[in-house]
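Here is coords_38.csv, consisting of CSV, C-alpha atoms:
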```csv
chain,number,residue,atom,x,y,z
A,882,MET,CA,1.2,-17.0,-5.1
A,883,ARG,CA,0.1,-13.9,-3.4
A,884,PHE,CA,-2.4,-13.2,-0.7
A,885,ARG,CA,-3.6,-9.7,0.1
A,886,ILE,CA,-4.4,-9.0,3.8
A,887,GLU,CA,-6.4,-5.9,4.7
A,888,ILE,CA,-6.2,-5.0,8.4
A,889,THR,CA,-8.5,-2.4,9.8
A,890,ARG,CA,-9.4,-1.3,13.3
A,891,ARG,CA,-12.5,-2.8,14.9
A,892,PRO,CA,-15.4,-0.4,14.6
A,893,THR,CA,-15.4,0.4,18.3
A,894,ILE,CA,-11.7,1.2,18.5
A,895,SER,CA,-10.7,4.8,18.1
A,896,ASP,CA,-8.7,5.7,15.0
A,897,PRO,CA,-6.7,8.9,15.6
A,898,GLU,CA,-4.8,8.6,12.3
A,899,GLY,CA,-8.1,8.5,10.4
A,900,ALA,CA,-9.5,11.4,12.4
A,901,THR,CA,-6.4,13.5,11.8
A,902,ALA,CA,-6.5,12.8,8.0
A,903,ALA,CA,-10.2,13.8,7.8
A,904,ARG,CA,-9.6,17.0,9.8
A,905,ALA,CA,-6.6,17.9,7.6
A,906,LEU,CA,-8.7,17.3,4.4
A,907,ARG,CA,-11.5,19.6,5.7
A,908,ASP,CA,-8.9,22.2,6.7
A,909,LEU,CA,-7.6,22.1,3.0
A,910,GLY,CA,-11.1,22.9,1.9
A,911,TYR,CA,-12.6,19.5,1.2
A,912,THR,CA,-15.6,20.2,3.4
A,913,GLY,CA,-17.5,17.1,2.1
A,914,VAL,CA,-15.2,14.7,4.0
A,915,GLN,CA,-17.2,13.1,6.7
A,916,GLY,CA,-14.5,10.8,8.1
A,917,ALA,CA,-11.6,8.5,7.3
A,918,HIS,CA,-10.5,5.2,8.6
A,919,VAL,CA,-6.9,4.1,8.1
A,920,GLY,CA,-5.7,0.5,8.0
A,921,ARG,CA,-2.9,-1.5,6.5
A,922,VAL,CA,-2.7,-3.7,3.5
A,923,ILE,CA,-0.1,-6.5,3.3
A,924,ASP,CA,0.7,-8.3,0.0
A,925,LEU,CA,2.2,-11.6,1.0
A,926,ASP,CA,4.1,-13.7,-1.5
A,927,VAL,CA,4.3,-17.3,-0.5
A,928,ASP,CA,5.2,-20.7,-2.0
A,929,GLU,CA,2.6,-22.3,-4.2
A,930,GLY,CA,0.1,-24.4,-2.3
A,931,THR,CA,0.3,-22.4,0.9
A,932,PRO,CA,-3.2,-22.9,2.5
A,933,LEU,CA,-5.4,-20.0,3.6
A,934,GLU,CA,-5.4,-21.4,7.1
A,935,SER,CA,-1.6,-20.8,7.3
A,936,VAL,CA,-2.0,-17.1,6.3
A,937,GLU,CA,-4.8,-16.8,8.9
A,938,GLU,CA,-2.4,-18.1,11.5
A,939,MET,CA,0.3,-15.6,10.4
A,940,CYS,CA,-2.3,-12.8,10.9
A,941,GLU,CA,-3.3,-14.0,14.4
A,942,ARG,CA,0.3,-14.5,15.5
A,943,LEU,CA,2.2,-11.6,14.0
A,944,LEU,CA,0.6,-9.4,11.3
A,945,ALA,CA,-2.6,-8.2,13.0
A,946,ASN,CA,-3.6,-7.5,16.6
A,947,PRO,CA,-6.8,-9.5,17.0
A,948,VAL,CA,-7.7,-7.5,20.1
A,949,ILE,CA,-8.2,-4.3,18.3
A,950,GLU,CA,-8.0,-5.2,14.6
A,951,ASP,CA,-10.1,-7.1,12.0
A,952,TYR,CA,-8.4,-8.7,9.0
A,953,ARG,CA,-9.6,-10.0,5.7
A,954,ILE,CA,-7.6,-12.2,3.4
A,955,VAL,CA,-8.0,-12.7,-0.3
A,956,GLU,CA,-5.9,-14.7,-2.8
A,957,VAL,CA,-5.0,-12.3,-5.6
A,958,GLU,CA,-2.7,-14.4,-7.8
B,1469,MET,CA,-20.6,7.4,0.0
B,1470,ARG,CA,-17.4,5.7,0.6
B,1471,PHE,CA,-14.2,5.5,-1.4
B,1472,ARG,CA,-11.4,3.0,-0.6
B,1473,ILE,CA,-7.9,4.2,-1.3
B,1474,GLU,CA,-5.0,1.7,-1.4
B,1475,ILE,CA,-1.6,3.2,-1.1
B,1476,THR,CA,1.5,1.1,-1.9
B,1477,ARG,CA,5.1,1.9,-2.4
B,1478,ARG,CA,6.3,2.1,-6.0
B,1479,PRO,CA,8.0,-1.1,-7.0
B,1480,THR,CA,11.5,0.4,-7.0
B,1481,ILE,CA,11.2,1.9,-3.5
B,1482,SER,CA,12.5,-0.1,-0.7
B,1483,ASP,CA,10.0,-1.4,1.8
B,1484,PRO,CA,11.7,-2.0,5.2
B,1485,GLU,CA,8.4,-2.7,7.0
B,1486,GLY,CA,7.5,-5.5,4.5
B,1487,ALA,CA,11.0,-6.9,4.6
B,1488,THR,CA,10.9,-7.0,8.4
B,1489,ALA,CA,7.5,-8.7,8.4
B,1490,ALA,CA,8.7,-11.4,6.0
B,1491,ARG,CA,11.8,-12.1,8.0
B,1492,ALA,CA,9.8,-12.3,11.2
B,1493,LEU,CA,7.4,-14.8,9.7
B,1494,ARG,CA,10.2,-17.0,8.4
B,1495,ASP,CA,11.8,-16.8,11.9
B,1496,LEU,CA,8.4,-18.1,13.3
B,1497,GLY,CA,8.7,-21.1,11.0
B,1498,TYR,CA,6.7,-20.0,8.0
B,1499,THR,CA,9.5,-20.8,5.6
B,1500,GLY,CA,7.3,-20.5,2.6
B,1501,VAL,CA,7.1,-16.8,2.9
B,1502,GLN,CA,8.9,-15.2,0.0
B,1503,GLY,CA,8.2,-11.5,0.7
B,1504,ALA,CA,5.8,-9.0,2.0
B,1505,HIS,CA,4.8,-5.5,0.9
B,1506,VAL,CA,3.1,-3.2,3.4
B,1507,GLY,CA,0.8,-0.4,2.3
B,1508,ARG,CA,-2.0,1.6,3.7
B,1509,VAL,CA,-5.7,1.5,3.0
B,1510,ILE,CA,-7.9,4.5,3.7
B,1511,ASP,CA,-11.7,4.3,3.8
B,1512,LEU,CA,-13.0,7.8,3.1
B,1513,ASP,CA,-16.6,8.8,3.8
B,1514,VAL,CA,-17.6,11.8,1.8
B,1515,ASP,CA,-20.8,13.6,0.9
B,1516,GLU,CA,-23.0,12.0,-1.9
B,1517,GLY,CA,-21.9,13.2,-5.3
B,1518,THR,CA,-18.3,13.8,-4.5
B,1519,PRO,CA,-16.4,13.1,-7.8
B,1520,LEU,CA,-13.6,10.7,-8.1
B,1521,GLU,CA,-11.4,13.6,-9.4
B,1522,SER,CA,-11.8,15.3,-6.0
B,1523,VAL,CA,-10.6,12.1,-4.2
B,1524,GLU,CA,-7.6,11.9,-6.6
B,1525,GLU,CA,-6.7,15.4,-5.7
B,1526,MET,CA,-6.9,14.6,-2.0
B,1527,CYS,CA,-4.5,11.7,-2.6
B,1528,GLU,CA,-2.0,13.9,-4.5
B,1529,ARG,CA,-2.1,16.7,-2.0
B,1530,LEU,CA,-2.3,15.0,1.3
B,1531,LEU,CA,-3.0,11.2,1.6
B,1532,ALA,CA,-0.3,9.8,-0.6
B,1533,ASN,CA,3.3,10.7,-1.4
B,1534,PRO,CA,3.3,10.5,-5.3
B,1535,VAL,CA,7.1,10.5,-5.3
B,1536,ILE,CA,7.4,7.2,-3.7
B,1537,GLU,CA,3.8,5.8,-3.6
B,1538,ASP,CA,1.2,4.6,-6.0
B,1539,TYR,CA,-2.5,4.8,-5.1
B,1540,ARG,CA,-5.7,3.2,-6.3
B,1541,ILE,CA,-9.2,4.5,-5.6
B,1542,VAL,CA,-12.4,2.4,-5.8
B,1543,GLU,CA,-15.9,3.5,-4.9
B,1544,VAL,CA,-17.2,0.9,-2.4
B,1545,GLU,CA,-20.6,2.2,-1.4
```
Could you show the structure in this file as structure tokens?
Amino acid sequence: MRFRIEITRRPTISDPEGATAARALRDLGYTGVQGAHVGRVIDLDVDEGTPLESVEEMCERLLANPVIEDYRIVEVE
Amino acid sequence: MRFRIEITRRPTISDPEGATAARALRDLGYTGVQGAHVGRVIDLDVDEGTPLESVEEMCERLLANPVIEDYRIVEVE
């Protein structure tokens, strides 16, 4: 089974990678770009029956940084 | 309006970051982890009326590397 984990910076945390992407797009002529926010997505393949709580624990312990990041987990398969 | 862009490596391209995450999780005791695939997610805020085609062009030109990455765009707001 597969879980998809989306990890994004918390709204108050600065996002230099997103700011750079937005500026580069405007420099390329895409003047309608207002901003960009960059995060990570992790597709995690685990044994059948793995509970959501276990994936949450993996996020807290290793995959995300709860101090500056939010994460969202969805079961996709 | 906001588009969400998910960028993942093409299936045949090696993913050392995902492999490292999976191994680290198993080392932490999560033996049910079979594998992990790490990608990026970009939330792009653009002016109302920006066409999907324009966002596709931004992906091709700057945001993704079409040689080794696939991308998927969805309008979220």
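Here CA of Arg921 in chain A and CA of Pro947 in chain A stand 13.8 Å from one another.
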For this session: Output as a PyMOL selection string the set of chain B residues within 7 Å of chain A, with distances taken over all atoms listed in the file.
Result: chain B and resi 1500-1515
Could the residues in this selection be written to a file with C-alpha atoms, as a JSON list (two decimals), in the coordinates of the input?
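Everything below was put into part-v7.json:
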```json
[["chain", "number", "residue", "atom", "x", "y", "z"],
["B", 1500, "GLY", "CA", 7.30, -20.50, 2.60],
["B", 1501, "VAL", "CA", 7.10, -16.80, 2.90],
["B", 1502, "GLN", "CA", 8.90, -15.20, 0.00],
["B", 1503, "GLY", "CA", 8.20, -11.50, 0.70],
["B", 1504, "ALA", "CA", 5.80, -9.00, 2.00],
["B", 1505, "HIS", "CA", 4.80, -5.50, 0.90],
["B", 1506, "VAL", "CA", 3.10, -3.20, 3.40],
["B", 1507, "GLY", "CA", 0.80, -0.40, 2.30],
["B", 1508, "ARG", "CA", -2.00, 1.60, 3.70],
["B", 1509, "VAL", "CA", -5.70, 1.50, 3.00],
["B", 1510, "ILE", "CA", -7.90, 4.50, 3.70],
["B", 1511, "ASP", "CA", -11.70, 4.30, 3.80],
["B", 1512, "LEU", "CA", -13.00, 7.80, 3.10],
["B", 1513, "ASP", "CA", -16.60, 8.80, 3.80],
["B", 1514, "VAL", "CA", -17.60, 11.80, 1.80],
["B", 1515, "ASP", "CA", -20.80, 13.60, 0.90]]
```
Chain B on chain A, least-squares, complete ordered Cα pairing, as a compact mmCIF listing (two decimals) with C-alpha atoms, in the coordinates of the input:
```txt
# COMPACT_ATOMS: atom_id res chain seq x y z
CA MET B 1469 1.17 -17.00 -5.10
CA ARG B 1470 0.07 -13.89 -3.48
CA PHE B 1471 -2.39 -13.20 -0.70
CA ARG B 1472 -3.66 -9.67 0.12
CA ILE B 1473 -4.39 -9.01 3.76
CA GLU B 1474 -6.42 -5.92 4.77
CA ILE B 1475 -6.14 -4.96 8.36
CA THR B 1476 -8.59 -2.42 9.86
CA ARG B 1477 -9.38 -1.33 13.33
CA ARG B 1478 -12.51 -2.82 14.89
CA PRO B 1479 -15.38 -0.41 14.65
CA THR B 1480 -15.37 0.44 18.36
CA ILE B 1481 -11.64 1.25 18.49
CA SER B 1482 -10.67 4.77 18.10
CA ASP B 1483 -8.73 5.69 15.00
CA PRO B 1484 -6.62 8.85 15.63
CA GLU B 1485 -4.77 8.57 12.30
CA GLY B 1486 -8.10 8.54 10.33
CA ALA B 1487 -9.52 11.33 12.42
CA THR B 1488 -6.42 13.45 11.80
CA ALA B 1489 -6.55 12.78 8.06
CA ALA B 1490 -10.21 13.83 7.86
CA ARG B 1491 -9.61 17.01 9.77
CA ALA B 1492 -6.64 17.86 7.60
CA LEU B 1493 -8.65 17.40 4.44
CA ARG B 1494 -11.49 19.58 5.69
CA ASP B 1495 -8.85 22.22 6.67
CA LEU B 1496 -7.63 22.06 2.97
CA GLY B 1497 -11.15 22.89 1.86
CA TYR B 1498 -12.60 19.48 1.20
CA THR B 1499 -15.62 20.13 3.37
CA GLY B 1500 -17.45 17.13 2.11
CA VAL B 1501 -15.22 14.79 3.96
CA GLN B 1502 -17.18 13.09 6.69
CA GLY B 1503 -14.51 10.70 8.07
CA ALA B 1504 -11.60 8.55 7.31
CA HIS B 1505 -10.46 5.14 8.57
CA VAL B 1506 -6.82 4.14 8.12
CA GLY B 1507 -5.76 0.51 7.91
CA ARG B 1508 -2.94 -1.47 6.53
CA VAL B 1509 -2.74 -3.73 3.52
CA ILE B 1510 -0.11 -6.44 3.28
CA ASP B 1511 0.71 -8.24 0.03
CA LEU B 1512 2.25 -11.58 0.98
CA ASP B 1513 4.15 -13.72 -1.52
CA VAL B 1514 4.29 -17.30 -0.43
CA ASP B 1515 5.20 -20.63 -1.95
CA GLU B 1516 2.54 -22.29 -4.29
CA GLY B 1517 0.13 -24.38 -2.28
CA THR B 1518 0.30 -22.44 0.91
CA PRO B 1519 -3.21 -22.82 2.51
CA LEU B 1520 -5.33 -19.96 3.53
CA GLU B 1521 -5.37 -21.42 7.11
CA SER B 1522 -1.60 -20.85 7.29
CA VAL B 1523 -2.05 -17.15 6.27
CA GLU B 1524 -4.80 -16.78 8.94
CA GLU B 1525 -2.43 -18.09 11.50
CA MET B 1526 0.24 -15.63 10.42
CA CYS B 1527 -2.30 -12.82 10.87
CA GLU B 1528 -3.27 -13.99 14.39
CA ARG B 1529 0.27 -14.48 15.53
CA LEU B 1530 2.15 -11.66 14.00
CA LEU B 1531 0.57 -9.39 11.29
CA ALA B 1532 -2.58 -8.29 13.02
CA ASN B 1533 -3.56 -7.43 16.58
CA PRO B 1534 -6.88 -9.46 16.97
CA VAL B 1535 -7.72 -7.47 20.10
CA ILE B 1536 -8.20 -4.29 18.32
CA GLU B 1537 -8.05 -5.21 14.57
CA ASP B 1538 -10.07 -7.11 12.07
CA TYR B 1539 -8.40 -8.68 9.02
CA ARG B 1540 -9.52 -9.97 5.66
CA ILE B 1541 -7.48 -12.26 3.40
CA VAL B 1542 -8.03 -12.68 -0.37
CA GLU B 1543 -5.94 -14.72 -2.76
CA VAL B 1544 -4.95 -12.33 -5.58
CA GLU B 1545 -2.69 -14.40 -7.79
```
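Between CA of Ala945 in chain A and CA of Glu1543 in chain B the separation is 25.2 Å.
The coordinates place CA of Arg890 in chain A at 14.1 Å from CA of Glu941 in chain A.
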For this session: With a distance cut-off of 10 Å and all atoms listed in the file, select the neighbouring residues of Arg891 in chain A, excluding the residue or stretch itself and same-chain residues fewer than 2 positions from it, and output the selection as a list in words.
Result: Ile888, Thr889, Thr893, Ile894, Ser895, Asp896, Pro947, Val948, Ile949, Glu950, Asp951 and Tyr952 of chain A
Each side padded by 5 Å, which centre and which edge lengths in Å (one decimal) define the axis-aligned box around the listed atoms of range 1478-1485 of chain B? Give them as lines of an AutoDock Vina configuration file.
```
center_x = 9.4
center_y = -0.3
center_z = 0.0
size_x = 16.2
size_y = 14.8
size_z = 24.0
```
